[in-house]
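Source file: protein-v5.pdb. Holds: PDB, C-alpha atoms.
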```pdb
MODEL        1
ATOM      1  CA  TYR O   1     137.143  30.556   6.487
ATOM      2  CA  PHE O   2     137.831  27.084   7.810
ATOM      3  CA  PHE O   3     138.057  25.731   4.257
ATOM      4  CA  SER O   4     140.927  28.134   3.500
ATOM      5  CA  ALA O   5     143.211  25.818   5.454
ATOM      6  CA  HIS O   6     145.984  24.297   3.281
ATOM      7  CA  PHE O   7     144.670  20.877   4.264
ATOM      8  CA  PHE O   8     141.651  21.261   1.973
ATOM      9  CA  ALA O   9     143.857  21.684  -1.125
ATOM     10  CA  LYS O  10     144.900  18.033  -0.903
ATOM     11  CA  PHE O  11     141.916  16.536   0.914
ATOM     12  CA  LYS O  12     139.755  14.286  -1.309
ATOM     13  CA  MET O  13     136.265  14.890   0.027
ATOM     14  CA  GLN O  14     133.205  12.833  -0.786
ATOM     15  CA  LEU O  15     130.134  15.042  -1.173
ATOM     16  CA  ILE O  16     126.843  13.684   0.173
ATOM     17  CA  GLU O  17     123.543  15.502  -0.292
ATOM     18  CA  LEU O  18     120.935  14.837   2.381
ATOM     19  CA  GLU O  19     117.547  14.290   0.744
ATOM     20  CA  HIS O  20     115.166  12.812   3.336
ATOM     21  CA  VAL O  21     113.171  15.252   5.495
ATOM     22  CA  TYR O  22     112.485  13.821   8.953
ATOM     23  CA  ARG O  23     110.720  16.706  10.704
ATOM     24  CA  GLN O  24     107.885  17.103   8.181
ATOM     25  CA  LYS O  25     105.432  14.597   6.687
ATOM     26  CA  ASP O  26     103.275  16.916   4.539
ATOM     27  CA  GLN O  27     104.776  16.671   1.046
ATOM     28  CA  GLY O  28     103.146  19.925  -0.055
ATOM     29  CA  PHE O  29     104.791  21.776   2.832
ATOM     30  CA  ILE O  30     108.110  20.049   2.116
ATOM     31  CA  ASP O  31     107.900  21.272  -1.492
ATOM     32  CA  ILE O  32     107.389  24.857  -0.261
ATOM     33  CA  LEU O  33     110.333  24.610   2.147
ATOM     34  CA  ASN O  34     112.582  23.243  -0.607
ATOM     35  CA  ALA O  35     111.472  26.021  -2.968
ATOM     36  CA  ILE O  36     112.425  28.625  -0.362
ATOM     37  CA  ARG O  37     115.771  26.913   0.255
ATOM     38  CA  ASN O  38     116.516  26.753  -3.478
ATOM     39  CA  ASN O  39     115.275  30.296  -4.198
ATOM     40  CA  SER O  40     112.646  28.951  -6.602
ATOM     41  CA  VAL O  41     109.437  30.100  -4.914
ATOM     42  CA  THR O  42     106.471  30.524  -7.240
ATOM     43  CA  ASP O  43     103.186  32.423  -6.887
ATOM     44  CA  ARG O  44     101.530  29.092  -6.129
ATOM     45  CA  HIS O  45     103.849  28.523  -3.155
ATOM     46  CA  LEU O  46     103.224  32.038  -1.837
ATOM     47  CA  GLU O  47      99.476  31.588  -2.245
ATOM     48  CA  GLN O  48      99.610  28.484  -0.044
ATOM     49  CA  LEU O  49     101.593  30.327   2.641
ATOM     50  CA  ASN O  50      99.358  33.395   2.540
ATOM     51  CA  LYS O  51      96.290  31.270   3.237
ATOM     52  CA  ARG O  52      97.703  30.905   6.745
ATOM     53  CA  VAL O  53      98.019  34.644   7.396
ATOM     54  CA  GLU O  54      95.630  35.811  10.130
ATOM     55  CA  PRO O  55      96.889  39.169  11.484
ATOM     56  CA  ASP O  56      94.521  39.151  14.487
ATOM     57  CA  TYR O  57      94.992  35.499  15.431
ATOM     58  CA  VAL O  58      95.260  34.732  19.151
ATOM     59  CA  ALA O  59      96.388  31.245  20.143
ATOM     60  CA  PRO O  60      93.921  29.321  22.359
ATOM     61  CA  LYS O  61      94.930  28.898  25.979
ATOM     62  CA  ASP O  62      96.534  25.676  27.126
ATOM     63  CA  ASP O  63      97.045  24.146  23.678
ATOM     64  CA  PHE O  64     100.867  24.479  23.714
ATOM     65  CA  SER O  65     101.035  26.943  20.840
ATOM     66  CA  ILE O  66     104.285  28.896  20.742
ATOM     67  CA  TYR O  67     104.946  32.262  19.110
ATOM     68  CA  LEU O  68     108.123  32.523  17.017
ATOM     69  CA  VAL O  69     109.377  36.123  17.036
ATOM     70  CA  PRO O  70     112.470  37.845  15.588
ATOM     71  CA  THR O  71     114.035  39.388  18.713
ATOM     72  CA  ASN O  72     114.745  38.575  22.360
ATOM     73  CA  ALA O  73     112.946  41.769  23.370
ATOM     74  CA  ALA O  74     109.750  40.679  21.599
ATOM     75  CA  ALA O  75     109.874  37.222  23.206
ATOM     76  CA  GLU O  76     110.533  38.631  26.687
ATOM     77  CA  LYS O  77     107.705  41.168  26.331
ATOM     78  CA  LEU O  78     105.144  38.552  25.277
ATOM     79  CA  ASN O  79     106.253  36.073  27.961
ATOM     80  CA  ALA O  80     106.043  38.768  30.666
ATOM     81  CA  GLN O  81     102.600  39.816  29.430
ATOM     82  CA  LYS O  82     101.265  36.247  29.454
ATOM     83  CA  LEU O  83     102.717  35.619  32.933
ATOM     84  CA  ASP O  84     101.061  38.779  34.314
ATOM     85  CA  GLU O  85      97.704  37.655  32.914
ATOM     86  CA  LEU O  86      97.753  34.541  35.111
ATOM     87  CA  ALA O  87      96.204  34.680  38.570
ATOM     88  CA  GLY O  88      98.326  34.314  41.693
ATOM     89  CA  ASP O  89     101.716  35.483  42.879
ATOM     90  CA  LYS O  90     104.973  34.911  41.055
ATOM     91  CA  MET O  91     107.426  32.368  42.461
ATOM     92  CA  ARG O  92     111.054  33.440  42.033
ATOM     93  CA  PHE O  93     113.935  30.988  41.625
ATOM     94  CA  GLU O  94     117.467  32.388  41.848
ATOM     95  CA  GLY O  95     120.285  30.748  39.896
ATOM     96  CA  LYS O  96     123.882  30.202  40.972
ATOM     97  CA  LEU O  97     126.907  31.110  38.824
ATOM     98  CA  THR O  98     130.524  30.119  39.437
ATOM     99  CA  GLY O  99     133.777  30.578  37.547
ATOM    100  CA  SER O 100     133.811  31.513  33.862
ATOM    101  CA  PHE O 101     130.121  30.856  33.177
ATOM    102  CA  THR O 102     128.720  34.214  31.993
ATOM    103  CA  GLU O 103     125.132  35.466  31.754
ATOM    104  CA  GLY O 104     125.277  35.396  27.961
ATOM    105  CA  GLN O 105     125.906  31.642  28.089
ATOM    106  CA  MET O 106     123.016  30.833  30.423
ATOM    107  CA  PRO O 107     120.282  28.658  28.817
ATOM    108  CA  THR O 108     117.615  30.311  31.004
ATOM    109  CA  GLN O 109     117.178  33.359  33.229
ATOM    110  CA  PHE O 110     119.342  33.814  36.315
ATOM    111  CA  ASP O 111     116.207  34.959  38.162
ATOM    112  CA  LEU O 112     113.376  32.760  36.894
ATOM    113  CA  GLU O 113     109.821  33.850  37.707
ATOM    114  CA  LEU O 114     106.975  31.349  37.369
ATOM    115  CA  LYS O 115     103.298  30.916  38.225
ATOM    116  CA  PRO O 116     100.945  27.930  38.128
ATOM    117  CA  HIS O 117      99.662  27.414  34.556
ATOM    118  CA  ALA O 118     102.701  29.182  33.054
ATOM    119  CA  GLN O 119     103.822  27.689  29.737
ATOM    120  CA  ILE O 120     107.454  26.624  29.907
ATOM    121  CA  MET O 121     110.066  24.949  27.743
ATOM    122  CA  MET O 122     112.609  22.457  29.022
ATOM    123  CA  VAL O 123     116.187  23.495  28.219
ATOM    124  CA  ASN O 124     118.065  20.266  28.898
ATOM    125  CA  ASN O 125     117.827  16.605  27.944
ATOM    126  CA  ASP O 126     116.507  14.349  30.698
ATOM    127  CA  LEU O 127     118.755  11.357  31.335
ATOM    128  CA  GLY O 128     115.614   9.268  31.817
ATOM    129  CA  GLY O 129     114.253  10.281  28.421
ATOM    130  CA  ARG O 130     111.126  11.963  29.808
ATOM    131  CA  TRP O 131     111.801  15.210  27.938
ATOM    132  CA  VAL O 132     114.355  16.802  25.605
ATOM    133  CA  ASN O 133     115.629  20.323  25.069
ATOM    134  CA  GLY O 134     112.600  22.094  23.563
ATOM    135  CA  THR O 135     109.794  20.038  25.163
ATOM    136  CA  LEU O 136     106.892  22.281  26.210
ATOM    137  CA  GLY O 137     104.951  22.007  29.449
ATOM    138  CA  LYS O 138     102.666  23.757  31.952
ATOM    139  CA  VAL O 139     103.547  24.548  35.561
ATOM    140  CA  LEU O 140     101.204  22.772  38.001
ATOM    141  CA  ASN O 141     102.565  23.765  41.419
ATOM    142  CA  PHE O 142     105.658  24.291  43.565
ATOM    143  CA  SER O 143     106.989  22.322  46.506
ATOM    144  CA  THR O 144     110.140  21.015  48.232
ATOM    145  CA  ASN O 145     111.333  17.453  48.631
ATOM    146  CA  SER O 146     112.400  15.728  51.868
ATOM    147  CA  ASP O 147     115.882  17.320  51.887
ATOM    148  CA  GLY O 148     114.524  20.823  51.376
ATOM    149  CA  GLN O 149     115.338  21.071  47.668
ATOM    150  CA  PRO O 150     112.726  23.076  45.720
ATOM    151  CA  TYR O 151     111.016  21.516  42.725
ATOM    152  CA  VAL O 152     108.371  22.443  40.190
ATOM    153  CA  ARG O 153     105.608  20.031  39.229
ATOM    154  CA  VAL O 154     105.127  20.248  35.452
ATOM    155  CA  GLU O 155     102.685  18.661  33.038
ATOM    156  CA  LEU O 156     104.552  17.998  29.781
ATOM    157  CA  GLU O 157     102.802  18.282  26.420
ATOM    158  CA  SER O 158     102.899  14.468  26.284
ATOM    159  CA  GLY O 159     100.523  14.442  29.267
ATOM    160  CA  ALA O 160     103.118  13.131  31.739
ATOM    161  CA  SER O 161     103.534  14.949  35.064
ATOM    162  CA  VAL O 162     107.095  15.267  36.373
ATOM    163  CA  ASN O 163     108.964  16.949  39.225
ATOM    164  CA  ILE O 164     111.693  19.290  37.960
ATOM    165  CA  VAL O 165     114.636  20.043  40.262
ATOM    166  CA  PRO O 166     117.573  22.431  39.664
ATOM    167  CA  TYR O 167     120.128  21.283  37.073
ATOM    168  CA  GLN O 168     123.832  22.077  36.779
ATOM    169  CA  TRP O 169     125.419  23.091  33.476
ATOM    170  CA  LYS O 170     129.213  23.029  33.236
ATOM    171  CA  MET O 171     131.576  25.196  31.190
ATOM    172  CA  TYR O 172     134.634  23.269  30.001
ATOM    173  CA  GLN O 173     138.090  24.363  28.937
ATOM    174  CA  PHE O 174     139.911  22.108  26.466
ATOM    175  CA  GLN O 175     143.674  21.772  26.521
ATOM    176  CA  LEU O 176     146.305  19.598  24.878
ATOM    177  CA  GLU O 177     148.496  17.547  27.203
ATOM    178  CA  GLY O 178     151.060  15.711  25.090
ATOM    179  CA  ASN O 179     148.947  14.055  22.400
ATOM    180  CA  VAL O 180     145.773  13.923  24.482
ATOM    181  CA  VAL O 181     142.984  16.517  24.660
ATOM    182  CA  THR O 182     141.756  16.937  28.230
ATOM    183  CA  THR O 183     138.913  18.953  29.727
ATOM    184  CA  LYS O 184     138.667  21.020  32.888
ATOM    185  CA  THR O 185     135.513  22.498  34.431
ATOM    186  CA  VAL O 186     135.982  26.281  34.589
ATOM    187  CA  GLY O 187     132.441  27.377  35.483
ATOM    188  CA  THR O 188     128.960  26.182  36.425
ATOM    189  CA  PHE O 189     125.384  27.440  36.331
ATOM    190  CA  VAL O 190     122.610  25.958  38.488
ATOM    191  CA  GLN O 191     118.941  26.705  37.814
ATOM    192  CA  LEU O 192     115.675  24.956  37.011
ATOM    193  CA  PRO O 193     116.136  23.624  33.444
ATOM    194  CA  MET O 194     113.194  25.557  32.012
ATOM    195  CA  LYS O 195     112.156  28.979  30.793
ATOM    196  CA  LEU O 196     108.912  30.771  29.982
ATOM    197  CA  ALA O 197     107.827  29.734  26.509
ATOM    198  CA  TRP O 198     104.698  31.345  25.203
ATOM    199  CA  ALA O 199     107.217  32.923  22.813
ATOM    200  CA  ILE O 200     110.743  32.156  21.630
ATOM    201  CA  THR O 201     113.032  33.737  19.062
ATOM    202  CA  ILE O 202     113.252  32.147  15.643
ATOM    203  CA  HIS O 203     117.009  31.830  16.203
ATOM    204  CA  LYS O 204     116.597  29.795  19.403
ATOM    205  CA  SER O 205     113.867  27.649  17.853
ATOM    206  CA  GLN O 206     116.314  26.117  15.363
ATOM    207  CA  GLY O 207     116.751  22.399  15.929
ATOM    208  CA  LYS O 208     113.473  22.108  17.843
ATOM    209  CA  THR O 209     110.147  20.627  16.753
ATOM    210  CA  PHE O 210     106.845  22.316  17.654
ATOM    211  CA  ASN O 211     103.377  20.993  16.872
ATOM    212  CA  LYS O 212     101.686  24.411  16.887
ATOM    213  CA  ALA O 213     103.573  27.588  16.025
ATOM    214  CA  VAL O 214     102.423  31.160  15.431
ATOM    215  CA  ILE O 215     105.029  33.072  13.436
TER     216      ILE O 215
ENDMDL
END
```

Please lay out the structure from this file as C-alpha coordinates.
Amino acid sequence: YFFSAHFFAKFKMQLIELEHVYRQKDQGFIDILNAIRNNSVTDRHLEQLNKRVEPDYVAPKDDFSIYLVPTNAAAEKLNAQKLDELAGDKMRFEGKLTGSFTEGQMPTQFDLELKPHAQIMMVNNDLGGRWVNGTLGKVLNFSTNSDGQPYVRVELESGASVNIVPYQWKMYQFQLEGNVVTTKTVGTFVQLPMKLAWAITIHKSQGKTFNKAVI
(Lines of atoms letter the chains of each structure in order from A and count residues from 1; the text may use other names and numbers.)
(Lines give C-alpha, C1' and ligand atoms only; values in the text may rest on other atoms or scores of the structure.)
Protein backbone atom coordinates (compact mmCIF):
# COMPACT_ATOMS: atom_id res chain seq x y z
CA TYR A 1 0.00 0.00 0.00
CA PHE A 2 1.07 3.58 -0.53
CA PHE A 3 1.22 4.14 3.23
CA SER A 4 3.81 1.36 3.57
CA ALA A 5 6.40 3.79 2.23
CA HIS A 6 9.18 4.54 4.78
CA PHE A 7 8.24 8.20 4.49
CA PHE A 8 5.07 7.66 6.54
CA ALA A 9 7.05 6.39 9.55
CA LYS A 10 8.43 9.88 10.15
CA PHE A 11 5.70 12.01 8.58
CA LYS A 12 3.63 13.96 11.15
CA MET A 13 0.18 14.00 9.59
CA GLN A 14 -2.72 16.14 10.70
CA LEU A 15 -6.00 14.22 10.50
CA ILE A 16 -9.07 16.15 9.36
CA GLU A 17 -12.54 14.62 9.31
CA LEU A 18 -14.92 16.08 6.74
CA GLU A 19 -18.33 16.61 8.33
CA HIS A 20 -20.42 18.83 6.03
CA VAL A 21 -22.50 17.10 3.33
CA TYR A 22 -22.86 19.28 0.23
CA ARG A 23 -24.78 17.01 -2.15
CA GLN A 24 -27.77 16.38 0.12
CA LYS A 25 -30.07 18.76 2.02
CA ASP A 26 -32.55 16.28 3.55
CA GLN A 27 -31.23 15.64 7.07
CA GLY A 28 -33.21 12.41 7.40
CA PHE A 29 -31.58 11.04 4.25
CA ILE A 30 -28.16 12.24 5.43
CA ASP A 31 -28.69 10.33 8.69
CA ILE A 32 -29.45 7.14 6.71
CA LEU A 33 -26.36 7.58 4.52
CA ASN A 34 -24.16 8.12 7.58
CA ALA A 35 -25.65 5.04 9.26
CA ILE A 36 -24.79 2.95 6.20
CA ARG A 37 -21.27 4.41 6.08
CA ASN A 38 -20.73 3.72 9.79
CA ASN A 39 -22.32 0.24 9.70
CA SER A 40 -24.95 1.32 12.23
CA VAL A 41 -28.15 0.87 10.22
CA THR A 42 -31.27 0.28 12.30
CA ASP A 43 -34.69 -1.17 11.43
CA ARG A 44 -35.99 2.40 11.34
CA HIS A 45 -33.47 3.33 8.64
CA LEU A 46 -34.33 0.25 6.58
CA GLU A 47 -38.04 0.98 6.94
CA GLN A 48 -37.50 4.44 5.45
CA LEU A 49 -35.54 3.00 2.51
CA ASN A 50 -38.05 0.22 1.88
CA LYS A 51 -40.87 2.74 1.54
CA ARG A 52 -39.23 3.68 -1.76
CA VAL A 53 -39.22 0.14 -3.18
CA GLU A 54 -41.55 -0.19 -6.18
CA PRO A 55 -40.52 -3.30 -8.17
CA ASP A 56 -42.70 -2.43 -11.18
CA TYR A 57 -41.85 1.28 -11.31
CA VAL A 58 -41.30 2.77 -14.78
CA ALA A 59 -39.81 6.25 -14.97
CA PRO A 60 -41.96 8.83 -16.82
CA LYS A 61 -40.72 9.89 -20.22
CA ASP A 62 -38.76 13.10 -20.61
CA ASP A 63 -38.31 13.82 -16.90
CA PHE A 64 -34.54 13.12 -16.86
CA SER A 65 -34.76 10.11 -14.57
CA ILE A 66 -31.71 7.87 -14.77
CA TYR A 67 -31.45 4.19 -13.86
CA LEU A 68 -28.44 3.18 -11.76
CA VAL A 69 -27.51 -0.45 -12.49
CA PRO A 70 -24.68 -2.73 -11.33
CA THR A 71 -23.08 -3.74 -14.65
CA ASN A 72 -22.10 -2.27 -18.01
CA ALA A 73 -24.12 -4.99 -19.74
CA ALA A 74 -27.30 -3.97 -17.90
CA ALA A 75 -26.77 -0.29 -18.73
CA GLU A 76 -26.05 -1.01 -22.40
CA LYS A 77 -29.11 -3.27 -22.70
CA LEU A 78 -31.48 -0.68 -21.21
CA ASN A 79 -30.00 2.18 -23.26
CA ALA A 80 -30.30 0.13 -26.48
CA GLN A 81 -33.89 -0.80 -25.62
CA LYS A 82 -34.89 2.82 -24.94
CA LEU A 83 -33.19 4.00 -28.15
CA ASP A 84 -35.04 1.38 -30.23
CA GLU A 85 -38.36 2.52 -28.75
CA LEU A 86 -37.90 6.00 -30.23
CA ALA A 87 -39.26 6.74 -33.70
CA GLY A 88 -36.94 7.52 -36.59
CA ASP A 89 -33.61 6.29 -37.88
CA LYS A 90 -30.42 6.14 -35.86
CA MET A 91 -27.67 8.66 -36.60
CA ARG A 92 -24.19 7.16 -36.28
CA PHE A 93 -21.12 9.18 -35.26
CA GLU A 94 -17.73 7.50 -35.64
CA GLY A 95 -14.89 8.41 -33.29
CA LYS A 96 -11.20 8.81 -34.09
CA LEU A 97 -8.40 7.17 -32.08
CA THR A 98 -4.68 7.90 -32.33
CA GLY A 99 -1.59 6.74 -30.46
CA SER A 100 -1.85 5.06 -27.06
CA PHE A 101 -5.50 5.93 -26.39
CA THR A 102 -7.26 2.56 -25.99
CA GLU A 103 -10.96 1.65 -26.15
CA GLY A 104 -11.02 0.92 -22.43
CA GLN A 105 -10.05 4.54 -21.74
CA MET A 106 -12.72 6.10 -23.95
CA PRO A 107 -15.33 8.16 -22.02
CA THR A 108 -18.01 7.27 -24.61
CA GLN A 109 -18.59 4.81 -27.44
CA PHE A 110 -16.30 4.78 -30.47
CA ASP A 111 -19.42 4.37 -32.63
CA LEU A 112 -22.11 6.53 -31.03
CA GLU A 113 -25.70 5.99 -32.18
CA LEU A 114 -28.32 8.64 -31.43
CA LYS A 115 -31.89 9.61 -32.31
CA PRO A 116 -33.96 12.74 -31.67
CA HIS A 117 -35.39 12.63 -28.12
CA ALA A 118 -32.62 10.29 -26.91
CA GLN A 119 -31.55 10.95 -23.32
CA ILE A 120 -27.83 11.65 -23.13
CA MET A 121 -25.21 12.57 -20.56
CA MET A 122 -22.38 15.01 -21.19
CA VAL A 123 -18.96 13.47 -20.50
CA ASN A 124 -16.77 16.56 -20.41
CA ASN A 125 -16.72 19.95 -18.71
CA ASP A 126 -17.68 22.85 -20.98
CA LEU A 127 -15.13 25.67 -20.88
CA GLY A 128 -18.04 28.12 -21.03
CA GLY A 129 -19.68 26.57 -17.98
CA ARG A 130 -22.86 25.53 -19.80
CA TRP A 131 -22.59 21.92 -18.63
CA VAL A 132 -20.33 19.63 -16.60
CA ASN A 133 -19.41 15.96 -16.77
CA GLY A 134 -22.67 14.23 -15.79
CA THR A 135 -25.18 16.85 -17.02
CA LEU A 136 -28.21 15.17 -18.62
CA GLY A 137 -29.93 16.30 -21.79
CA LYS A 138 -32.22 15.35 -24.69
CA VAL A 139 -31.21 15.24 -28.35
CA LEU A 140 -33.24 17.70 -30.44
CA ASN A 141 -31.78 17.31 -33.94
CA PHE A 142 -28.64 16.93 -36.04
CA SER A 143 -26.97 19.32 -38.45
CA THR A 144 -23.62 20.63 -39.74
CA ASN A 145 -22.09 24.06 -39.34
CA SER A 146 -20.69 26.30 -42.09
CA ASP A 147 -17.37 24.40 -42.32
CA GLY A 148 -19.06 21.03 -42.61
CA GLN A 149 -18.49 19.94 -39.01
CA PRO A 150 -21.38 17.84 -37.63
CA TYR A 151 -23.10 18.92 -34.44
CA VAL A 152 -25.96 17.76 -32.25
CA ARG A 153 -28.54 20.18 -30.91
CA VAL A 154 -29.26 19.24 -27.28
CA GLU A 155 -31.68 20.53 -24.67
CA LEU A 156 -29.95 20.31 -21.29
CA GLU A 157 -31.90 19.52 -18.13
CA SER A 158 -31.47 23.19 -17.18
CA GLY A 159 -33.66 24.07 -20.18
CA ALA A 160 -30.82 25.60 -22.22
CA SER A 161 -30.38 24.48 -25.84
CA VAL A 162 -26.80 24.08 -27.06
CA ASN A 163 -24.93 22.84 -30.13
CA ILE A 164 -22.50 20.03 -29.29
CA VAL A 165 -19.51 19.48 -31.59
CA PRO A 166 -16.84 16.73 -31.40
CA TYR A 167 -14.34 17.06 -28.54
CA GLN A 168 -10.75 15.85 -28.28
CA TRP A 169 -9.45 14.02 -25.21
CA LYS A 170 -5.69 13.65 -24.83
CA MET A 171 -3.65 10.88 -23.20
CA TYR A 172 -0.50 12.20 -21.52
CA GLN A 173 2.78 10.57 -20.59
CA PHE A 174 4.65 12.07 -17.63
CA GLN A 175 8.42 12.03 -17.47
CA LEU A 176 11.15 13.54 -15.32
CA GLU A 177 13.64 15.80 -17.07
CA GLY A 178 16.24 16.89 -14.53
CA ASN A 179 14.13 18.16 -11.63
CA VAL A 180 11.11 19.04 -13.75
CA VAL A 181 8.11 16.83 -14.57
CA THR A 182 7.05 17.28 -18.19
CA THR A 183 4.13 15.92 -20.18
CA LYS A 184 3.88 14.58 -23.72
CA THR A 185 0.69 13.78 -25.65
CA VAL A 186 0.83 10.09 -26.59
CA GLY A 187 -2.74 9.56 -27.82
CA THR A 188 -6.04 11.27 -28.62
CA PHE A 189 -9.72 10.38 -28.92
CA VAL A 190 -12.22 12.55 -30.81
CA GLN A 191 -15.97 12.05 -30.45
CA LEU A 192 -19.11 13.92 -29.41
CA PRO A 193 -18.73 14.43 -25.63
CA MET A 194 -21.91 12.55 -24.75
CA LYS A 195 -23.32 9.07 -24.32
CA LEU A 196 -26.76 7.49 -24.02
CA ALA A 197 -27.94 7.89 -20.45
CA TRP A 198 -31.27 6.36 -19.63
CA ALA A 199 -29.04 4.08 -17.54
CA ILE A 200 -25.54 4.23 -16.09
CA THR A 201 -23.55 1.93 -13.83
CA ILE A 202 -23.38 2.75 -10.15
CA HIS A 203 -19.58 2.79 -10.49
CA LYS A 204 -19.63 5.48 -13.20
CA SER A 205 -22.23 7.52 -11.33
CA GLN A 206 -19.80 8.25 -8.49
CA GLY A 207 -19.00 11.94 -8.24
CA LYS A 208 -22.12 12.95 -10.17
CA THR A 209 -25.36 14.50 -8.91
CA PHE A 210 -28.74 13.37 -10.27
CA ASN A 211 -32.12 14.85 -9.35
CA LYS A 212 -34.11 11.70 -10.15
CA ALA A 213 -32.57 8.24 -9.91
CA VAL A 214 -34.07 4.75 -10.13
CA ILE A 215 -31.76 2.22 -8.49

Go through segment 48-142 of chain O and flag each residue having an atom no more than 7 Å from segment 184-188 of chain O; for those, report the closest pair of atoms plus their distance in Å to one decimal, using all atoms listed in the file, ordered by chain and rising number, as JSON lines.
```
{"residue": "O:Leu97", "atom": "CA", "partner": "O:Thr188", "partner_atom": "CA", "distance": 5.9}
{"residue": "O:Thr98", "atom": "CA", "partner": "O:Gly187", "partner_atom": "CA", "distance": 5.2}
{"residue": "O:Gly99", "atom": "CA", "partner": "O:Gly187", "partner_atom": "CA", "distance": 4.0}
{"residue": "O:Ser100", "atom": "CA", "partner": "O:Gly187", "partner_atom": "CA", "distance": 4.6}
{"residue": "O:Phe101", "atom": "CA", "partner": "O:Gly187", "partner_atom": "CA", "distance": 4.8}
```

Those selected residues, please, written with C-alpha atoms and delivered as a PDB file, keeping the file's coordinate frame.
```pdb
ATOM      1  CA  LEU O  97     126.907  31.110  38.824  1.00  0.00           C
ATOM      2  CA  THR O  98     130.524  30.119  39.437  1.00  0.00           C
ATOM      3  CA  GLY O  99     133.777  30.578  37.547  1.00  0.00           C
ATOM      4  CA  SER O 100     133.811  31.513  33.862  1.00  0.00           C
ATOM      5  CA  PHE O 101     130.121  30.856  33.177  1.00  0.00           C
TER       6      PHE O 101
END
```

Name the residues that the PyMOL selection byres ((chain O and resi 164-173) around 9) picks from the file above, as a PDB file with C-alpha atoms, in the coordinates of the input, using the file's chain letters and numbers.
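Below is the file result_36.pdb, written as the result:
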```
ATOM      1  CA  GLY O  95     120.285  30.748  39.896  1.00  0.00           C
ATOM      2  CA  GLY O  99     133.777  30.578  37.547  1.00  0.00           C
ATOM      3  CA  SER O 100     133.811  31.513  33.862  1.00  0.00           C
ATOM      4  CA  PHE O 101     130.121  30.856  33.177  1.00  0.00           C
ATOM      5  CA  MET O 106     123.016  30.833  30.423  1.00  0.00           C
ATOM      6  CA  PRO O 107     120.282  28.658  28.817  1.00  0.00           C
ATOM      7  CA  ASN O 124     118.065  20.266  28.898  1.00  0.00           C
ATOM      8  CA  GLN O 149     115.338  21.071  47.668  1.00  0.00           C
ATOM      9  CA  PRO O 150     112.726  23.076  45.720  1.00  0.00           C
ATOM     10  CA  TYR O 151     111.016  21.516  42.725  1.00  0.00           C
ATOM     11  CA  VAL O 152     108.371  22.443  40.190  1.00  0.00           C
ATOM     12  CA  ARG O 153     105.608  20.031  39.229  1.00  0.00           C
ATOM     13  CA  VAL O 154     105.127  20.248  35.452  1.00  0.00           C
ATOM     14  CA  VAL O 162     107.095  15.267  36.373  1.00  0.00           C
ATOM     15  CA  ASN O 163     108.964  16.949  39.225  1.00  0.00           C
ATOM     16  CA  PHE O 174     139.911  22.108  26.466  1.00  0.00           C
ATOM     17  CA  GLN O 175     143.674  21.772  26.521  1.00  0.00           C
ATOM     18  CA  THR O 182     141.756  16.937  28.230  1.00  0.00           C
ATOM     19  CA  THR O 183     138.913  18.953  29.727  1.00  0.00           C
ATOM     20  CA  LYS O 184     138.667  21.020  32.888  1.00  0.00           C
ATOM     21  CA  THR O 185     135.513  22.498  34.431  1.00  0.00           C
ATOM     22  CA  VAL O 186     135.982  26.281  34.589  1.00  0.00           C
ATOM     23  CA  GLY O 187     132.441  27.377  35.483  1.00  0.00           C
ATOM     24  CA  THR O 188     128.960  26.182  36.425  1.00  0.00           C
ATOM     25  CA  PHE O 189     125.384  27.440  36.331  1.00  0.00           C
ATOM     26  CA  VAL O 190     122.610  25.958  38.488  1.00  0.00           C
ATOM     27  CA  GLN O 191     118.941  26.705  37.814  1.00  0.00           C
ATOM     28  CA  LEU O 192     115.675  24.956  37.011  1.00  0.00           C
ATOM     29  CA  PRO O 193     116.136  23.624  33.444  1.00  0.00           C
ATOM     30  CA  MET O 194     113.194  25.557  32.012  1.00  0.00           C
TER      31      MET O 194
END
```

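For Met121 of chain O, the list of residues within 7 Å, based on only C-alpha atoms and with local chain neighbours fewer than 6 positions off taken out, reads Gly134, Thr135, Leu136, Gly137, Met194, Lys195, Leu196 and Ala197 of chain O.
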
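The two atoms in question, atom CA of Gly207 of chain O and atom CA of Met13 of chain O, are spaced 26.3 Å apart.
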
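A straight line drawn from atom CA of Val139 of chain O to atom CA of Asn125 of chain O is 18.0 Å long.
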
Can you list what the PyMOL selection byres ((chain O and resi 213) around 6) grabs from this structure, as a VMD selection string? chain O and resid 65 to 67 212 214
